[in-house]
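Below is input_33.tsv, which holds TSV, C-alpha atoms.
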chain	number	residue	atom	x	y	z
A	1	GLY	CA	128.43	107.84	102.35
A	2	LEU	CA	125.51	105.74	101.21
A	3	CYS	CA	123.53	105.01	104.33
A	4	CYS	CA	120.68	102.87	105.56
A	5	ALA	CA	118.79	102.40	108.80
A	6	GLY	CA	121.49	100.00	109.93
A	7	GLY	CA	124.45	102.28	109.13
A	8	ALA	CA	126.85	102.99	106.26
A	9	VAL	CA	126.91	100.35	103.55
A	10	GLY	CA	129.15	101.74	100.84
A	11	PRO	CA	130.22	104.71	98.72
A	12	VAL	CA	127.92	107.42	97.53
A	13	SER	CA	125.78	106.88	94.43
A	14	GLY	CA	127.28	107.27	90.98
A	15	ALA	CA	125.40	110.54	90.39
A	16	THR	CA	127.73	113.40	89.43
A	17	GLY	CA	127.56	117.19	89.52
A	18	ALA	CA	127.44	119.88	92.16
A	19	ALA	CA	124.14	118.71	93.60
A	20	PRO	CA	123.73	114.94	93.24
A	21	ALA	CA	120.64	113.14	94.39
A	22	ILE	CA	120.55	111.97	98.01
A	23	PRO	CA	120.96	108.15	98.12
A	24	TRP	CA	120.31	105.63	100.86
A	25	ILE	CA	119.66	101.92	101.17
A	26	THR	CA	117.14	100.06	103.25
A	27	TYR	CA	115.58	96.59	103.24
A	28	VAL	CA	112.03	95.35	102.83
A	29	ALA	CA	110.75	92.19	104.48
A	30	SER	CA	109.02	90.09	101.82
A	31	SER	CA	107.68	86.58	101.55
A	32	ALA	CA	110.42	86.21	98.91
A	33	GLY	CA	113.24	87.25	101.27
A	34	ARG	CA	114.91	90.33	102.69
A	35	ILE	CA	114.96	92.67	99.71
A	36	ALA	CA	117.54	95.44	99.30
A	37	VAL	CA	116.06	98.78	98.22
A	38	HIS	CA	118.03	101.81	96.97
A	39	VAL	CA	116.32	105.18	97.38
A	40	SER	CA	117.52	108.36	95.64
A	41	GLU	CA	115.88	111.60	96.72
A	42	PRO	CA	115.93	114.73	94.55
A	43	ARG	CA	117.57	117.88	95.82
A	44	ALA	CA	114.30	119.70	95.15
A	45	PRO	CA	110.82	118.12	94.86
A	46	ARG	CA	108.85	118.46	91.64
A	47	TYR	CA	105.83	119.93	93.43
A	48	ALA	CA	105.47	122.34	96.31
A	49	ASP	CA	103.82	119.69	98.49
A	50	GLY	CA	106.39	116.96	97.86
A	51	ALA	CA	108.22	114.62	95.53
A	52	PRO	CA	106.44	111.92	93.52
A	53	VAL	CA	107.80	108.38	93.72
A	54	VAL	CA	109.02	106.27	90.80
A	55	VAL	CA	109.84	102.57	91.16
A	56	ASN	CA	112.24	101.36	88.49
A	57	VAL	CA	111.27	97.79	87.60
A	58	SER	CA	114.48	95.82	87.05
A	59	GLY	CA	115.38	93.45	84.24
A	60	PHE	CA	115.05	89.76	85.04
A	61	PHE	CA	116.31	87.70	82.08
A	62	THR	CA	119.67	87.47	83.84
A	63	PRO	CA	120.56	88.05	87.51
A	64	ARG	CA	123.92	89.57	86.61
A	65	ARG	CA	123.19	93.16	87.51
A	66	GLY	CA	122.87	95.30	90.60
A	67	PHE	CA	120.67	98.29	91.31
A	68	ALA	CA	119.26	99.66	88.05
A	69	PHE	CA	119.77	103.40	87.50
A	70	GLU	CA	117.96	104.65	84.40
A	71	LEU	CA	116.40	107.96	85.45
A	72	ASP	CA	117.75	111.13	87.06
A	73	PRO	CA	115.92	111.90	90.34
A	74	ASN	CA	116.92	115.56	90.16
A	75	ALA	CA	115.59	115.99	86.63
A	76	LEU	CA	112.31	114.36	87.68
A	77	GLY	CA	112.11	116.01	91.07
A	78	ALA	CA	111.01	112.56	92.24
A	79	VAL	CA	112.07	109.94	94.74
A	80	TYR	CA	113.62	107.18	92.61
A	81	ILE	CA	113.50	103.63	93.94
A	82	THR	CA	115.33	100.62	92.62
A	83	TYR	CA	115.95	97.22	94.23
A	84	LEU	CA	117.68	93.86	93.99
A	85	TRP	CA	115.81	90.74	92.99
A	86	PRO	CA	115.84	87.88	95.53
A	87	GLY	CA	119.18	86.10	95.66
A	88	THR	CA	121.14	88.88	93.89
A	89	THR	CA	123.87	91.29	94.99
A	90	ASP	CA	125.01	94.79	94.01
A	91	ALA	CA	128.78	94.59	93.60
A	92	ARG	CA	129.31	98.34	94.04
A	93	THR	CA	127.63	98.71	97.41
A	94	GLY	CA	127.75	95.14	98.70
A	95	ALA	CA	124.00	95.20	99.33
A	96	ALA	CA	122.23	91.90	98.76
A	97	SER	CA	118.74	90.43	98.77
A	98	THR	CA	118.11	87.02	100.27
A	99	GLY	CA	115.84	84.44	98.69
A	100	THR	CA	115.81	82.66	95.36
A	101	PHE	CA	116.05	84.34	91.98
A	102	ASP	CA	113.48	82.78	89.63
A	103	PHE	CA	113.81	84.93	86.49
A	104	GLY	CA	110.68	87.02	86.94
A	105	GLY	CA	108.64	84.20	88.45
A	106	PRO	CA	106.51	84.15	91.63
A	107	GLU	CA	109.41	84.94	93.97
A	108	CYS	CA	110.55	87.96	91.95
A	109	LEU	CA	106.98	89.23	91.64
A	110	ALA	CA	106.40	88.88	95.39
A	111	ALA	CA	109.56	90.89	96.04
A	112	LEU	CA	108.50	93.57	93.55
A	113	ARG	CA	105.04	93.72	95.13
A	114	ASP	CA	106.52	94.40	98.56
A	115	VAL	CA	108.99	96.99	97.27
A	116	ILE	CA	106.08	98.81	95.62
A	117	ARG	CA	104.07	98.67	98.85
A	118	PHE	CA	107.00	100.35	100.60
A	119	ALA	CA	107.10	102.99	97.86
A	120	THR	CA	103.39	103.75	98.19
A	121	GLY	CA	103.62	104.06	101.97
A	122	ASP	CA	101.40	101.03	102.50
A	123	ALA	CA	104.11	99.03	104.26
A	124	PRO	CA	107.18	99.85	106.36
A	125	ASP	CA	110.70	98.67	105.65
A	126	ALA	CA	112.41	95.93	107.67
A	127	TYR	CA	113.24	98.52	110.34
A	128	GLY	CA	109.61	99.51	110.87
A	129	LYS	CA	109.81	102.85	109.02
A	130	ARG	CA	107.69	103.96	106.11
A	131	LEU	CA	109.28	105.82	103.22
A	132	HIS	CA	108.29	109.30	104.39
A	133	GLU	CA	109.69	108.61	107.86
A	134	SER	CA	113.20	108.04	106.48
A	135	ALA	CA	113.12	110.53	103.61
A	136	ARG	CA	114.79	113.92	104.01
A	137	GLY	CA	111.99	115.73	102.20
A	138	PRO	CA	108.21	115.41	101.83
A	139	VAL	CA	106.94	112.40	99.85
A	140	LEU	CA	103.89	112.76	97.60
A	141	TYR	CA	102.11	109.41	97.89
A	142	ASP	CA	99.33	110.64	95.61
A	143	VAL	CA	101.75	110.33	92.67
A	144	VAL	CA	103.47	106.94	92.85
A	145	GLY	CA	104.11	104.77	89.82
A	146	LEU	CA	106.27	102.31	87.93
A	147	TYR	CA	108.81	102.78	85.15
A	148	ALA	CA	109.96	99.84	83.04
A	149	PHE	CA	112.25	99.74	80.03
A	150	SER	CA	112.17	96.83	77.59
A	151	HIS	CA	111.42	93.36	79.01
A	152	SER	CA	111.08	94.78	82.54
A	153	GLY	CA	107.58	95.74	81.44
A	154	ILE	CA	106.60	92.07	81.57
A	155	ALA	CA	107.35	91.99	85.32
A	156	ALA	CA	105.57	95.32	85.81
A	157	THR	CA	102.36	94.18	84.13
A	158	ASN	CA	102.52	90.77	85.79
A	159	VAL	CA	102.84	92.23	89.28
A	160	LEU	CA	99.89	94.56	88.65
A	161	ALA	CA	97.82	91.71	87.23
A	162	LEU	CA	98.60	89.18	89.96
A	163	HIS	CA	98.93	91.48	92.99
A	164	GLY	CA	96.77	94.43	91.99
A	165	ALA	CA	94.61	94.18	95.09
A	166	ASP	CA	97.72	94.89	97.21
A	167	LEU	CA	98.90	97.76	95.00
A	168	ALA	CA	96.04	100.24	95.09
A	169	GLY	CA	98.53	103.05	95.69
A	170	VAL	CA	100.04	102.74	92.20
A	171	ARG	CA	98.80	105.71	90.14
A	172	PHE	CA	100.70	105.30	86.87
A	173	PHE	CA	102.83	102.96	84.79
A	174	VAL	CA	105.29	104.19	82.18
A	175	GLY	CA	106.43	101.43	79.85
A	176	ARG	CA	109.15	102.12	77.30
A	177	GLU	CA	109.50	99.68	74.40
A	178	ASN	CA	107.93	96.85	76.38
A	179	PRO	CA	107.32	93.49	74.68
A	180	THR	CA	103.92	92.06	75.57
A	181	VAL	CA	105.26	88.58	76.36
A	182	ASP	CA	108.78	87.22	76.83
A	183	SER	CA	108.62	85.22	73.59
A	184	LEU	CA	108.60	88.49	71.64
A	185	TYR	CA	111.87	89.68	73.18
A	186	PRO	CA	115.06	89.26	71.11
A	187	LEU	CA	116.41	86.76	73.66
A	188	GLU	CA	113.61	84.24	73.11
A	189	PRO	CA	116.01	81.49	71.87
A	190	GLY	CA	117.38	81.24	75.43
A	191	HIS	CA	119.73	82.92	77.89
A	192	TRP	CA	123.18	82.71	79.42
A	193	ASP	CA	123.43	81.14	82.89
A	194	ASP	CA	125.69	82.30	85.74
A	195	ALA	CA	128.54	80.14	84.42
A	196	GLY	CA	128.31	81.77	80.99
A	197	SER	CA	126.84	78.72	79.30
A	198	ALA	CA	124.02	78.96	76.78
A	199	VAL	CA	120.66	77.64	77.96
A	200	ASN	CA	118.30	77.00	75.07
A	201	ASN	CA	114.59	77.71	75.40
A	202	PRO	CA	112.83	74.40	74.68
A	203	PHE	CA	109.62	76.25	73.79
A	204	TYR	CA	111.20	78.44	71.12
A	205	ASP	CA	110.04	77.56	67.62
A	206	PRO	CA	111.89	79.61	64.98
A	207	MET	CA	109.39	78.44	62.36
A	208	GLY	CA	106.61	80.10	64.36
A	209	TYR	CA	107.80	83.59	63.40
A	210	THR	CA	107.35	84.22	59.68
A	211	PRO	CA	106.13	87.22	57.66
A	212	THR	CA	102.76	85.51	57.23
A	213	SER	CA	102.26	83.92	60.68
A	214	ILE	CA	99.80	85.31	63.20

In structure tokens, how does this file's structure come out?
Amino acid sequence: GLCCAGGAVGPVSGATGAAPAIPWITYVASSAGRIAVHVSEPRAPRYADGAPVVVNVSGFFTPRRGFAFELDPNALGAVYITYLWPGTTDARTGAASTGTFDFGGPECLAALRDVIRFATGDAPDAYGKRLHESARGPVLYDVVGLYAFSHSGIAATNVLALHGADLAGVRFFVGRENPTVDSLYPLEPGHWDDAGSAVNNPFYDPMGYTPTSI
């Protein structure tokens, strides 16, 4: 089963094959709430002295998603960490983060900061254990970084810009197709709320994007 420091919380991760990654869930105490963190360990570390750590920065335009799984821990030979934004739930496992979801705002960034600090070994989880103390294999804290696909890169760069002094353990950032600001993302006209209703962005100016505008 999928386990955490407090006991079983749900079925095993969706990884398939003869040797799936080793998953477990814990929680991080943050100023933004009690944040759920999913950890997947590789069956074999990438390096002889341990497994690097990759934090998958989650999307934030809509809260309607659970833990984000975009990379294969076994293929990377790395510990793969994903999490739930404040105030969101993972339907598959039942894990949930407390707090208020603010669409990538200060609360989300504080939660991400504290998840990263757990990943770098700079802070323990809510049970008082650092990552290497709960991991089955050796953790290589010298190689810890962030991965962000699409608009998640905005949260990744914002957390490094605003909380960089607390994140000295971050060694790399891999951004894939990241827009530089949210207004450049295809959803700039607005978003859909939890009830499925369209919420228009009052700051969106369609006349501001022309072939000749700068």

May I have the residues within 12 Å of range 118-120 of chain A as an MDAnalysis selection string, using all atoms listed in the file and disregarding those fewer than 2 positions away in the same chain? chainID A and resid 26:30 35:40 51:56 78:83 111:116 122:135 139:146 166:172

Computed interatomic separation between CA of Glu70 in chain A and CA of Pro23 in chain A (Å):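 One can read the CA of Glu70 in chain A to CA of Pro23 in chain A distance as 14.5 Å.
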
Which residues are near Cys108 in chain A? Cut-off 12 Å, all atoms listed in the file, ignore same chain within fewer than 4 positions. Put them as a ChimeraX atom specification. /A:30-35,57-61,63,83-88,97-104,112-115,152,154-156,158-159

Between A:Arg43, A:Arg117, A:Arg65, A:Arg176, which one has atoms that come closest to Pro138 in chain A, using only C-alpha atoms?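 Closest residue, counting only C-alpha atoms: A:Arg43.
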
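Distance-wise, CA of Phe203 in chain A and CA of Asn178 in chain A end up 20.8 Å apart.
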
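Here CA of Val174 in chain A stands at a distance of 17.5 Å from CA of Arg46 in chain A.
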
Out of A:Gly66, A:Gly121, A:Ala110, A:His151, which residue has the shortest atom-to-atom distance to Gly94 in chain A when counting all atoms listed in the file? A:Gly66

Of the residues A:Ile22, A:Phe149, A:Gly137, A:Ala44, which is the one nearest to Ala68 in chain A, using only C-alpha atoms?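 For Ala68 in chain A, the nearest of the candidates is A:Phe149.
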
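Distances to Thr93 in chain A were evaluated for A:Ser150, A:Gly164, A:Phe67, A:Gly50 using all atoms listed in the file, and the minimum falls at A:Phe67.
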
Some atoms are absent from range 22-46 of chain A, so rebuild N, CA and C atoms and return them as an mmCIF file, in the coordinates of the input.
data_model
loop_
_atom_site.group_PDB
_atom_site.id
_atom_site.type_symbol
_atom_site.label_atom_id
_atom_site.label_comp_id
_atom_site.auth_asym_id
_atom_site.auth_seq_id
_atom_site.Cartn_x
_atom_site.Cartn_y
_atom_site.Cartn_z
ATOM 1 N N ILE A 22 120.208 112.459 96.670
ATOM 2 C CA ILE A 22 120.550 111.970 98.010
ATOM 3 C C ILE A 22 120.209 110.487 98.083
ATOM 4 N N PRO A 23 121.232 109.590 98.142
ATOM 5 C CA PRO A 23 120.960 108.150 98.120
ATOM 6 C C PRO A 23 121.016 107.503 99.492
ATOM 7 N N TRP A 24 120.216 106.481 99.679
ATOM 8 C CA TRP A 24 120.310 105.630 100.860
ATOM 9 C C TRP A 24 119.716 104.261 100.561
ATOM 10 N N ILE A 25 120.095 103.295 101.361
ATOM 11 C CA ILE A 25 119.660 101.920 101.170
ATOM 12 C C ILE A 25 118.922 101.426 102.397
ATOM 13 N N THR A 26 117.848 100.718 102.164
ATOM 14 C CA THR A 26 117.140 100.060 103.250
ATOM 15 C C THR A 26 116.749 98.658 102.766
ATOM 16 N N TYR A 27 116.017 97.935 103.588
ATOM 17 C CA TYR A 27 115.580 96.590 103.240
ATOM 18 C C TYR A 27 114.101 96.434 103.510
ATOM 19 N N VAL A 28 113.458 95.622 102.679
ATOM 20 C CA VAL A 28 112.030 95.350 102.830
ATOM 21 C C VAL A 28 111.853 93.865 103.130
ATOM 22 N N ALA A 29 111.058 93.581 104.145
ATOM 23 C CA ALA A 29 110.750 92.190 104.480
ATOM 24 C C ALA A 29 109.652 91.697 103.548
ATOM 25 N N SER A 30 109.955 90.639 102.799
ATOM 26 C CA SER A 30 109.020 90.090 101.820
ATOM 27 C C SER A 30 108.890 88.591 102.032
ATOM 28 N N SER A 31 107.808 88.032 101.529
ATOM 29 C CA SER A 31 107.680 86.580 101.550
ATOM 30 C C SER A 31 108.757 85.929 100.691
ATOM 31 N N ALA A 32 109.370 86.724 99.797
ATOM 32 C CA ALA A 32 110.420 86.210 98.910
ATOM 33 C C ALA A 32 111.812 86.345 99.523
ATOM 34 N N GLY A 33 111.945 87.048 100.643
ATOM 35 C CA GLY A 33 113.240 87.250 101.270
ATOM 36 C C GLY A 33 113.381 88.651 101.823
ATOM 37 N N ARG A 34 114.580 88.986 102.211
ATOM 38 C CA ARG A 34 114.910 90.330 102.690
ATOM 39 C C ARG A 34 115.464 91.096 101.495
ATOM 40 N N ILE A 35 114.678 92.042 100.998
ATOM 41 C CA ILE A 35 114.960 92.670 99.710
ATOM 42 C C ILE A 35 115.642 94.024 99.897
ATOM 43 N N ALA A 36 116.801 94.184 99.231
ATOM 44 C CA ALA A 36 117.540 95.440 99.300
ATOM 45 C C ALA A 36 116.882 96.487 98.403
ATOM 46 N N VAL A 37 116.729 97.692 98.933
ATOM 47 C CA VAL A 37 116.060 98.780 98.220
ATOM 48 C C VAL A 37 116.959 100.023 98.250
ATOM 49 N N HIS A 38 117.237 100.578 97.085
ATOM 50 C CA HIS A 38 118.030 101.810 96.970
ATOM 51 C C HIS A 38 117.077 102.965 96.698
ATOM 52 N N VAL A 39 117.176 104.001 97.501
ATOM 53 C CA VAL A 39 116.320 105.180 97.380
ATOM 54 C C VAL A 39 117.193 106.384 97.044
ATOM 55 N N SER A 40 116.845 107.105 95.988
ATOM 56 C CA SER A 40 117.520 108.360 95.640
ATOM 57 C C SER A 40 116.501 109.489 95.728
ATOM 58 N N GLU A 41 116.775 110.457 96.570
ATOM 59 C CA GLU A 41 115.880 111.600 96.720
ATOM 60 C C GLU A 41 116.388 112.796 95.911
ATOM 61 N N PRO A 42 115.490 113.555 95.310
ATOM 62 C CA PRO A 42 115.930 114.730 94.550
ATOM 63 C C PRO A 42 116.334 115.863 95.498
ATOM 64 N N ARG A 43 117.190 116.713 95.013
ATOM 65 C CA ARG A 43 117.570 117.880 95.820
ATOM 66 C C ARG A 43 116.398 118.822 96.015
ATOM 67 N N ALA A 44 115.494 118.862 95.040
ATOM 68 C CA ALA A 44 114.300 119.700 95.150
ATOM 69 C C ALA A 44 113.114 118.908 94.616
ATOM 70 N N PRO A 45 111.988 118.876 95.330
ATOM 71 C CA PRO A 45 110.820 118.120 94.860
ATOM 72 C C PRO A 45 110.172 118.769 93.655
ATOM 73 N N ARG A 46 109.504 117.968 92.854
ATOM 74 C CA ARG A 46 108.850 118.460 91.640
ATOM 75 C C ARG A 46 107.698 119.408 91.978
#
